[in-house]
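Note: the block below is input22.cif and it holds mmCIF, C-alpha atoms, pLDDT in the B column; chains and numbers go by the auth columns.
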data_work
#
loop_
_atom_site.group_PDB
_atom_site.id
_atom_site.type_symbol
_atom_site.label_atom_id
_atom_site.label_comp_id
_atom_site.label_asym_id
_atom_site.label_seq_id
_atom_site.Cartn_x
_atom_site.Cartn_y
_atom_site.Cartn_z
_atom_site.B_iso_or_equiv
_atom_site.auth_seq_id
_atom_site.auth_asym_id
ATOM 1 C CA MET A 1 105.045 83.453 91.414 54.00 16 A
ATOM 2 C CA LYS A 2 107.859 83.933 88.927 59.00 17 A
ATOM 3 C CA GLU A 3 109.712 87.163 88.261 62.00 18 A
ATOM 4 C CA ILE A 4 107.964 89.592 85.906 75.00 19 A
ATOM 5 C CA GLN A 5 110.103 91.328 83.293 80.00 20 A
ATOM 6 C CA LEU A 6 109.581 95.091 83.246 84.00 21 A
ATOM 7 C CA ASP A 7 110.670 97.668 80.716 83.00 22 A
ATOM 8 C CA ALA A 8 113.628 99.855 81.732 82.00 23 A
ATOM 9 C CA ARG A 9 111.504 102.959 81.177 85.00 24 A
ATOM 10 C CA THR A 10 109.046 101.751 83.804 87.00 25 A
ATOM 11 C CA LYS A 11 111.851 101.115 86.293 88.00 26 A
ATOM 12 C CA THR A 12 113.382 104.529 85.630 85.00 27 A
ATOM 13 C CA LEU A 13 110.047 106.298 86.046 88.00 28 A
ATOM 14 C CA VAL A 14 109.420 104.569 89.371 89.00 29 A
ATOM 15 C CA VAL A 15 112.803 105.772 90.667 88.00 30 A
ATOM 16 C CA LEU A 16 112.206 109.337 89.459 87.00 31 A
ATOM 17 C CA VAL A 17 108.736 109.556 91.020 88.00 32 A
ATOM 18 C CA SER A 18 109.979 108.063 94.289 88.00 33 A
ATOM 19 C CA GLY A 19 112.926 110.455 94.396 87.00 34 A
ATOM 20 C CA PHE A 20 110.643 113.428 93.783 87.00 35 A
ATOM 21 C CA PHE A 21 108.134 112.611 96.524 87.00 36 A
ATOM 22 C CA ILE A 22 110.309 111.335 99.373 84.00 37 A
ATOM 23 C CA PHE A 23 111.050 114.790 100.785 81.00 38 A
ATOM 24 C CA VAL A 24 107.692 116.451 100.082 83.00 39 A
ATOM 25 C CA VAL A 25 105.284 113.939 101.621 84.00 40 A
ATOM 26 C CA SER A 26 104.265 113.473 105.231 82.00 41 A
ATOM 27 C CA ASP A 27 104.969 110.330 107.219 79.00 42 A
ATOM 28 C CA VAL A 28 101.641 108.868 106.110 84.00 43 A
ATOM 29 C CA GLY A 29 102.504 109.528 102.468 85.00 44 A
ATOM 30 C CA LEU A 30 105.942 107.994 103.022 86.00 45 A
ATOM 31 C CA ILE A 31 104.339 104.807 104.336 87.00 46 A
ATOM 32 C CA VAL A 32 102.016 104.694 101.304 89.00 47 A
ATOM 33 C CA LEU A 33 105.011 105.139 98.995 89.00 48 A
ATOM 34 C CA PHE A 34 106.899 102.387 100.805 90.00 49 A
ATOM 35 C CA LEU A 35 103.962 99.980 100.537 90.00 50 A
ATOM 36 C CA PHE A 36 103.737 100.634 96.800 91.00 51 A
ATOM 37 C CA LEU A 37 107.453 99.967 96.339 90.00 52 A
ATOM 38 C CA LEU A 38 107.132 96.856 98.496 89.00 53 A
ATOM 39 C CA GLY A 39 104.575 95.414 96.084 88.00 54 A
ATOM 40 C CA TYR A 40 106.556 96.664 93.103 89.00 55 A
ATOM 41 C CA SER A 41 109.730 94.980 94.375 87.00 56 A
ATOM 42 C CA TYR A 42 107.835 91.741 94.943 86.00 57 A
ATOM 43 C CA ILE A 43 106.506 91.466 91.402 85.00 58 A
ATOM 44 C CA ALA A 44 109.904 92.541 90.020 83.00 59 A
ATOM 45 C CA GLY A 45 111.575 89.576 91.703 79.00 60 A
ATOM 46 C CA GLU A 46 113.414 91.230 94.622 79.00 61 A
ATOM 47 C CA ARG A 47 111.783 89.115 97.345 79.00 62 A
ATOM 48 C CA LYS A 48 114.695 87.893 99.453 82.00 63 A
ATOM 49 C CA VAL A 49 115.558 91.349 100.786 81.00 64 A
ATOM 50 C CA LEU A 50 112.013 92.609 101.382 84.00 65 A
ATOM 51 C CA LEU A 51 111.767 91.320 104.950 88.00 66 A
ATOM 52 C CA GLY A 52 115.056 92.955 105.943 87.00 67 A
ATOM 53 C CA ILE A 53 114.197 96.229 104.194 87.00 68 A
ATOM 54 C CA THR A 54 110.775 96.316 105.857 88.00 69 A
ATOM 55 C CA ALA A 55 112.309 95.723 109.284 88.00 70 A
ATOM 56 C CA ALA A 56 114.928 98.429 108.667 87.00 71 A
ATOM 57 C CA PHE A 57 112.267 100.899 107.472 87.00 72 A
ATOM 58 C CA LEU A 58 110.013 100.343 110.493 87.00 73 A
ATOM 59 C CA PHE A 59 112.936 100.501 112.929 87.00 74 A
ATOM 60 C CA VAL A 60 114.368 103.736 111.510 85.00 75 A
ATOM 61 C CA LEU A 61 110.903 105.309 111.271 84.00 76 A
ATOM 62 C CA PHE A 62 110.156 104.430 114.889 83.00 77 A
ATOM 63 C CA PHE A 63 113.613 105.572 116.010 80.00 78 A
ATOM 64 C CA GLN A 64 113.157 108.862 114.170 78.00 79 A
ATOM 65 C CA ARG A 65 109.871 109.580 115.954 77.00 80 A
ATOM 66 C CA PHE A 66 111.422 108.502 119.255 75.00 81 A
ATOM 67 C CA ALA A 67 114.452 110.769 118.789 70.00 82 A
ATOM 68 C CA PHE A 68 112.269 113.733 117.816 69.00 83 A
ATOM 69 C CA GLY A 69 110.632 113.429 121.221 64.00 84 A
ATOM 70 C CA TYR A 70 113.883 114.609 122.802 62.00 85 A
ATOM 71 C CA GLY A 71 114.070 117.920 120.991 57.00 86 A
ATOM 72 C CA THR A 72 116.009 119.557 123.825 65.00 87 A
ATOM 73 C CA SER A 73 118.940 117.160 123.408 68.00 88 A
ATOM 74 C CA VAL A 74 121.455 118.132 120.745 72.00 89 A
ATOM 75 C CA ILE A 75 122.656 114.548 120.306 73.00 90 A
ATOM 76 C CA MET A 76 119.152 113.131 119.905 73.00 91 A
ATOM 77 C CA ALA A 77 118.217 115.952 117.530 74.00 92 A
ATOM 78 C CA THR A 78 121.267 115.131 115.378 77.00 93 A
ATOM 79 C CA ILE A 79 120.373 111.420 115.368 76.00 94 A
ATOM 80 C CA ALA A 80 116.782 112.275 114.443 77.00 95 A
ATOM 81 C CA PHE A 81 118.051 114.444 111.583 79.00 96 A
ATOM 82 C CA PHE A 82 120.075 111.588 110.072 81.00 97 A
ATOM 83 C CA ALA A 83 117.258 109.104 110.717 81.00 98 A
ATOM 84 C CA TYR A 84 114.880 111.399 108.825 83.00 99 A
ATOM 85 C CA PHE A 85 117.034 111.214 105.707 84.00 100 A
ATOM 86 C CA ALA A 86 117.757 107.502 106.117 84.00 101 A
ATOM 87 C CA VAL A 87 114.107 106.462 106.324 86.00 102 A
ATOM 88 C CA ARG A 88 113.215 108.528 103.254 86.00 103 A
ATOM 89 C CA LEU A 89 116.057 107.152 101.166 88.00 104 A
ATOM 90 C CA ILE A 90 114.970 103.538 101.689 87.00 105 A
ATOM 91 C CA PRO A 91 112.135 103.717 99.088 88.00 106 A
ATOM 92 C CA VAL A 92 114.533 105.180 96.507 87.00 107 A
ATOM 93 C CA PHE A 93 117.010 102.424 97.326 87.00 108 A
ATOM 94 C CA MET A 94 114.310 99.824 96.640 87.00 109 A
ATOM 95 C CA GLY A 95 113.535 101.280 93.233 86.00 110 A
ATOM 96 C CA GLY A 96 117.209 101.760 92.408 83.00 111 A
ATOM 97 C CA LEU A 97 117.979 98.155 93.354 83.00 112 A
ATOM 98 C CA ILE A 98 115.592 96.892 90.683 85.00 113 A
ATOM 99 C CA LEU A 99 116.869 99.379 88.103 83.00 114 A
ATOM 100 C CA SER A 100 120.460 98.324 88.807 78.00 115 A
ATOM 101 C CA LYS A 101 119.632 94.750 87.719 80.00 116 A
ATOM 102 C CA THR A 102 118.860 95.982 84.182 79.00 117 A
ATOM 103 C CA PRO A 103 121.637 95.039 81.719 77.00 118 A
ATOM 104 C CA PRO A 104 123.525 98.200 80.658 72.00 119 A
ATOM 105 C CA GLY A 105 123.063 97.443 76.947 72.00 120 A
ATOM 106 C CA GLU A 106 119.305 97.148 77.343 77.00 121 A
ATOM 107 C CA LEU A 107 119.176 100.309 79.450 77.00 122 A
ATOM 108 C CA ILE A 108 121.123 102.308 76.844 76.00 123 A
ATOM 109 C CA ALA A 109 118.932 101.048 73.991 77.00 124 A
ATOM 110 C CA THR A 110 115.747 101.805 75.945 79.00 125 A
ATOM 111 C CA LEU A 111 116.733 105.319 76.954 78.00 126 A
ATOM 112 C CA GLN A 112 117.926 106.079 73.432 77.00 127 A
ATOM 113 C CA LYS A 113 114.459 105.137 72.262 78.00 128 A
ATOM 114 C CA CYS A 114 113.147 107.868 74.576 78.00 129 A
ATOM 115 C CA TYR A 115 115.612 110.394 73.052 78.00 130 A
ATOM 116 C CA VAL A 116 117.478 110.827 76.349 77.00 131 A
ATOM 117 C CA PRO A 117 120.798 112.686 75.771 79.00 132 A
ATOM 118 C CA ARG A 118 123.889 110.501 75.642 74.00 133 A
ATOM 119 C CA VAL A 119 125.582 112.647 78.287 77.00 134 A
ATOM 120 C CA ILE A 120 123.008 111.176 80.703 78.00 135 A
ATOM 121 C CA ILE A 121 122.768 107.657 79.296 74.00 136 A
ATOM 122 C CA VAL A 122 126.473 106.745 79.313 73.00 137 A
ATOM 123 C CA PRO A 123 127.305 107.814 82.925 76.00 138 A
ATOM 124 C CA LEU A 124 124.105 106.144 84.153 73.00 139 A
ATOM 125 C CA ALA A 125 124.891 102.861 82.410 70.00 140 A
ATOM 126 C CA VAL A 126 128.517 102.855 83.598 72.00 141 A
ATOM 127 C CA GLY A 127 127.445 103.710 87.146 73.00 142 A
ATOM 128 C CA LEU A 128 124.924 100.879 87.277 70.00 143 A
ATOM 129 C CA ARG A 129 127.588 98.477 86.033 71.00 144 A
ATOM 130 C CA PHE A 130 130.080 99.861 88.549 73.00 145 A
ATOM 131 C CA LEU A 131 127.974 99.380 91.704 72.00 146 A
ATOM 132 C CA PRO A 132 127.721 95.539 91.659 74.00 147 A
ATOM 133 C CA THR A 133 131.460 95.315 91.024 78.00 148 A
ATOM 134 C CA ILE A 134 132.221 97.543 94.002 78.00 149 A
ATOM 135 C CA ARG A 135 129.930 95.404 96.158 78.00 150 A
ATOM 136 C CA GLN A 136 131.867 92.313 95.131 83.00 151 A
ATOM 137 C CA GLU A 137 135.229 93.994 95.745 84.00 152 A
ATOM 138 C CA THR A 138 134.095 95.117 99.203 83.00 153 A
ATOM 139 C CA ALA A 139 133.126 91.550 100.089 84.00 154 A
ATOM 140 C CA THR A 140 136.544 90.327 98.902 86.00 155 A
ATOM 141 C CA ILE A 141 138.383 92.936 100.996 83.00 156 A
ATOM 142 C CA LEU A 142 136.327 91.995 104.063 83.00 157 A
ATOM 143 C CA ASP A 143 137.222 88.316 103.563 84.00 158 A
ATOM 144 C CA VAL A 144 140.922 89.199 103.432 81.00 159 A
ATOM 145 C CA MET A 145 140.578 91.332 106.564 79.00 160 A
ATOM 146 C CA ARG A 146 138.875 88.445 108.325 80.00 161 A
ATOM 147 C CA LEU A 147 141.766 86.107 107.444 80.00 162 A
ATOM 148 C CA ARG A 148 144.275 88.605 108.835 76.00 163 A
ATOM 149 C CA GLY A 149 142.324 89.156 112.043 74.00 164 A
ATOM 150 C CA ILE A 150 141.421 92.783 111.354 72.00 165 A
ATOM 151 C CA TYR A 151 137.786 92.294 110.359 70.00 166 A
ATOM 152 C CA PRO A 152 135.814 95.505 111.125 71.00 167 A
ATOM 153 C CA THR A 153 133.741 94.239 114.032 70.00 168 A
ATOM 154 C CA VAL A 154 132.165 96.653 116.474 68.00 169 A
ATOM 155 C CA TRP A 155 135.006 96.024 118.938 69.00 170 A
ATOM 156 C CA ASN A 156 137.745 96.578 116.340 67.00 171 A
ATOM 157 C CA ILE A 157 136.102 99.758 115.055 67.00 172 A
ATOM 158 C CA TRP A 158 135.832 101.018 118.634 71.00 173 A
ATOM 159 C CA ARG A 159 139.491 100.212 119.420 72.00 174 A
ATOM 160 C CA HIS A 160 141.082 101.322 116.128 69.00 175 A
ATOM 161 C CA PRO A 161 138.579 103.362 114.071 70.00 176 A
ATOM 162 C CA LEU A 162 141.146 105.065 111.829 75.00 177 A
ATOM 163 C CA LEU A 163 143.107 101.880 111.099 72.00 178 A
ATOM 164 C CA THR A 164 139.911 99.956 110.356 71.00 179 A
ATOM 165 C CA PHE A 165 138.736 102.496 107.810 74.00 180 A
ATOM 166 C CA GLU A 166 142.223 102.706 106.348 75.00 181 A
ATOM 167 C CA TYR A 167 142.416 98.938 105.842 79.00 182 A
ATOM 168 C CA LEU A 168 139.001 98.986 104.180 79.00 183 A
ATOM 169 C CA LEU A 169 138.952 102.224 102.209 80.00 184 A
ATOM 170 C CA VAL A 170 142.479 102.351 100.783 83.00 185 A
ATOM 171 C CA PRO A 171 142.256 99.002 98.921 83.00 186 A
ATOM 172 C CA LEU A 172 138.700 99.839 97.865 83.00 187 A
ATOM 173 C CA VAL A 173 139.716 103.208 96.382 83.00 188 A
ATOM 174 C CA ILE A 174 142.672 101.689 94.521 85.00 189 A
ATOM 175 C CA ARG A 175 140.520 98.874 93.136 83.00 190 A
ATOM 176 C CA SER A 176 137.789 101.368 92.199 80.00 191 A
ATOM 177 C CA LEU A 177 140.206 103.380 90.081 82.00 192 A
ATOM 178 C CA THR A 178 141.389 100.243 88.284 83.00 193 A
ATOM 179 C CA ILE A 179 137.847 98.976 87.743 79.00 194 A
ATOM 180 C CA ALA A 180 136.703 102.382 86.446 76.00 195 A
ATOM 181 C CA ASP A 181 139.448 102.301 83.809 80.00 196 A
ATOM 182 C CA ASP A 182 138.527 98.725 82.836 79.00 197 A
ATOM 183 C CA ILE A 183 134.833 99.569 82.510 74.00 198 A
ATOM 184 C CA SER A 184 135.609 102.672 80.440 73.00 199 A
ATOM 185 C CA MET A 185 137.815 100.678 78.045 78.00 200 A
ATOM 186 C CA ALA A 186 135.193 97.940 77.772 76.00 201 A
ATOM 187 C CA ALA A 187 132.498 100.511 76.994 71.00 202 A
ATOM 188 C CA VAL A 188 134.607 102.130 74.281 74.00 203 A
ATOM 189 C CA THR A 189 135.400 98.698 72.809 78.00 204 A
ATOM 190 C CA ARG A 190 131.694 97.915 72.615 71.00 205 A
ATOM 191 C CA GLY A 191 131.022 101.117 70.714 71.00 206 A
ATOM 192 C CA VAL A 192 129.419 103.230 73.415 66.00 207 A
ATOM 193 C CA GLU A 193 130.605 106.372 71.591 67.00 208 A
ATOM 194 C CA ASN A 194 128.954 105.312 68.350 70.00 209 A
ATOM 195 C CA PRO A 195 126.222 107.912 67.590 69.00 210 A
ATOM 196 C CA ALA A 196 124.066 105.366 65.755 69.00 211 A
ATOM 197 C CA PRO A 197 121.073 103.919 67.675 66.00 212 A
ATOM 198 C CA ARG A 198 121.887 100.716 69.524 64.00 213 A
ATOM 199 C CA SER A 199 120.101 97.477 68.751 67.00 214 A
ATOM 200 C CA SER A 200 118.970 95.082 71.444 66.00 215 A
ATOM 201 C CA LEU A 201 118.448 91.322 71.458 70.00 216 A
ATOM 202 C CA ARG A 202 115.449 91.815 73.713 69.00 217 A
ATOM 203 C CA ALA A 203 112.301 93.417 72.333 69.00 218 A
ATOM 204 C CA ILE A 204 111.981 96.862 73.896 74.00 219 A
ATOM 205 C CA LYS A 205 108.294 97.492 74.406 77.00 220 A
ATOM 206 C CA PHE A 206 105.764 98.011 77.156 80.00 221 A
ATOM 207 C CA GLY A 207 104.061 94.847 78.307 80.00 222 A
ATOM 208 C CA GLN A 208 100.956 94.184 80.341 85.00 223 A
ATOM 209 C CA ALA A 209 102.972 94.223 83.569 84.00 224 A
ATOM 210 C CA ASP A 210 104.356 97.674 82.687 84.00 225 A
ATOM 211 C CA PHE A 211 100.806 98.923 82.096 88.00 226 A
ATOM 212 C CA TRP A 212 99.668 97.800 85.541 89.00 227 A
ATOM 213 C CA VAL A 213 102.762 99.194 87.262 88.00 228 A
ATOM 214 C CA LEU A 214 102.330 102.569 85.541 88.00 229 A
ATOM 215 C CA THR A 215 98.616 102.575 86.425 90.00 230 A
ATOM 216 C CA GLY A 216 99.548 101.938 90.041 89.00 231 A
ATOM 217 C CA LEU A 217 102.185 104.673 89.837 89.00 232 A
ATOM 218 C CA VAL A 218 99.640 107.215 88.594 89.00 233 A
ATOM 219 C CA SER A 219 97.250 106.163 91.371 90.00 234 A
ATOM 220 C CA LEU A 220 100.084 106.520 93.869 87.00 235 A
ATOM 221 C CA VAL A 221 100.830 110.072 92.719 88.00 236 A
ATOM 222 C CA ILE A 222 97.146 111.016 93.116 89.00 237 A
ATOM 223 C CA ILE A 223 97.003 109.460 96.591 87.00 238 A
ATOM 224 C CA LEU A 224 100.193 111.219 97.688 85.00 239 A
ATOM 225 C CA LEU A 225 98.900 114.562 96.450 86.00 240 A
ATOM 226 C CA ILE A 226 95.651 114.037 98.352 85.00 241 A
ATOM 227 C CA VAL A 227 97.352 112.833 101.532 77.00 242 A
ATOM 228 C CA ASN A 228 99.899 115.618 101.458 70.00 243 A
#
Could the structure of this file be written out as structure tokens, please?
Amino acid sequence: MKEIQLDARTKTLVVLVSGFFIFVVSDVGLIVLFLFLLGYSYIAGERKVLLGITAAFLFVLFFQRFAFGYGTSVIMATIAFFAYFAVRLIPVFMGGLILSKTPPGELIATLQKCYVPRVIIVPLAVGLRFLPTIRQETATILDVMRLRGIYPTVWNIWRHPLLTFEYLLVPLVIRSLTIADDISMAAVTRGVENPAPRSSLRAIKFGQADFWVLTGLVSLVIILLIVN
């Protein structure tokens, strides 16, 4: 089954609905939301990471329920608190991962078609372009640390936690500042400040796949409201 192209408006709506419901639904509703996003990620082409995300979701959900069983322990209650947020952010991460693969030019043109203010469009587009670059820079820094024998393994983090984070975070922050300036200059060069509507090489319209995803999204909202 090949990857299905979805409109950026569909991807954005999925993220917004997921972000709205993650903290207002019960555990049963959270599982329903996760199953929907699992199918949505599959048809959108993100299939390689689904097994790992599913395993992480089930593990954190189980660990959360296990930690809540030790309510008298302050440490376990703290772990359960963080696990609660972690397991509910996984569905949003799945939707955001698909949205982040949308080309910034297409995203800007699509949101402009929906009359979204430019003060929202431009930071969103730059942020989505910034995240993959930071991921690549992090991988490069880790490779350099591995060559120098200071790779952040569990043992190294345990022995020298402050030095490990310093070796990782300081180069990453410096590179982030440089990359942010480069992205800003590239955006200005491409006319991001031009008030005229942007054109797009790709036809921006809802397709049959978008119709079925939105139908499933409406059904999901009804189910979550009933379950909750």
Taking 3 positions as the minimum chain separation for residues in the same chain, which residues sit within 9 Å of stretch 144-153 of chain A when counting all atoms listed in the file? Answer as a PyMOL selection string.
chain A and resi 115-116+118-119+139-141+156-158+183+187+190-191+194-195+198
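The list of residues with at least one atom within 12 Å of A:Met160, based on only C-alpha atoms and without residues fewer than 2 positions apart in the same chain, reads Thr153, Ala154, Thr155, Ile156, Leu157, Asp158, Leu162, Arg163, Gly164, Ile165, Tyr166, Pro167, Thr168, Asn171, Leu178, Thr179, Phe180, Glu181, Tyr182, Leu183, Leu184 and Pro186 of chain A.
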Go through the shown structure with the PyMOL selection byres ((chain A and resi 109) around 9) and write out the matching residues as JSON, numbers by chain.
{"A": [30, 49, 52, 53, 56, 61, 65, 68, 104, 105, 106, 107, 108, 110, 111, 112, 113, 114]}
List every protein, DNA or RNA residue that has an atom no more than 12 Å from (102.3, 112.0, 106.4) in the file's coordinate frame, counting only C-alpha atoms, and report them as a CSV table (one decimal) with C-alpha atoms, keeping the file's coordinate frame.
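Result file out.csv:
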chain,number,residue,atom,x,y,z
A,36,PHE,CA,108.1,112.6,96.5
A,37,ILE,CA,110.3,111.3,99.4
A,38,PHE,CA,111.0,114.8,100.8
A,39,VAL,CA,107.7,116.5,100.1
A,40,VAL,CA,105.3,113.9,101.6
A,41,SER,CA,104.3,113.5,105.2
A,42,ASP,CA,105.0,110.3,107.2
A,43,VAL,CA,101.6,108.9,106.1
A,44,GLY,CA,102.5,109.5,102.5
A,45,LEU,CA,105.9,108.0,103.0
A,46,ILE,CA,104.3,104.8,104.3
A,47,VAL,CA,102.0,104.7,101.3
A,48,LEU,CA,105.0,105.1,99.0
A,76,LEU,CA,110.9,105.3,111.3
A,103,ARG,CA,113.2,108.5,103.3
A,238,ILE,CA,97.0,109.5,96.6
A,239,LEU,CA,100.2,111.2,97.7
A,240,LEU,CA,98.9,114.6,96.4
A,241,ILE,CA,95.7,114.0,98.4
A,242,VAL,CA,97.4,112.8,101.5
A,243,ASN,CA,99.9,115.6,101.5
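Between atom CA of A:Val75 and atom CA of A:Ala98 the interatomic distance comes to 6.1 Å.
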Can you tell me, as a count of residues only, what residues are no more than 8 Å from stretch 221-235 of chain A when counting only C-alpha atoms, ignoring any on the same chain fewer than 2 positions away?
14
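Of note, atom CA of A:Ile123 and atom CA of A:Ala101 are spaced 29.9 Å apart.
For the choices A:Val32, A:Met91, A:Val137, A:Leu192, the atom-to-atom distance to A:Asn209 is smallest for A:Val137 when using all atoms listed in the file.
The coordinates place atom CA of A:Arg205 at 14.5 Å from atom CA of A:Leu122.
Minimum atom-to-atom distances from A:Val102, A:Leu50, A:Val236, A:Ala59 to A:Phe74 were compared using all atoms listed in the file, and the lowest value belongs to A:Val102.
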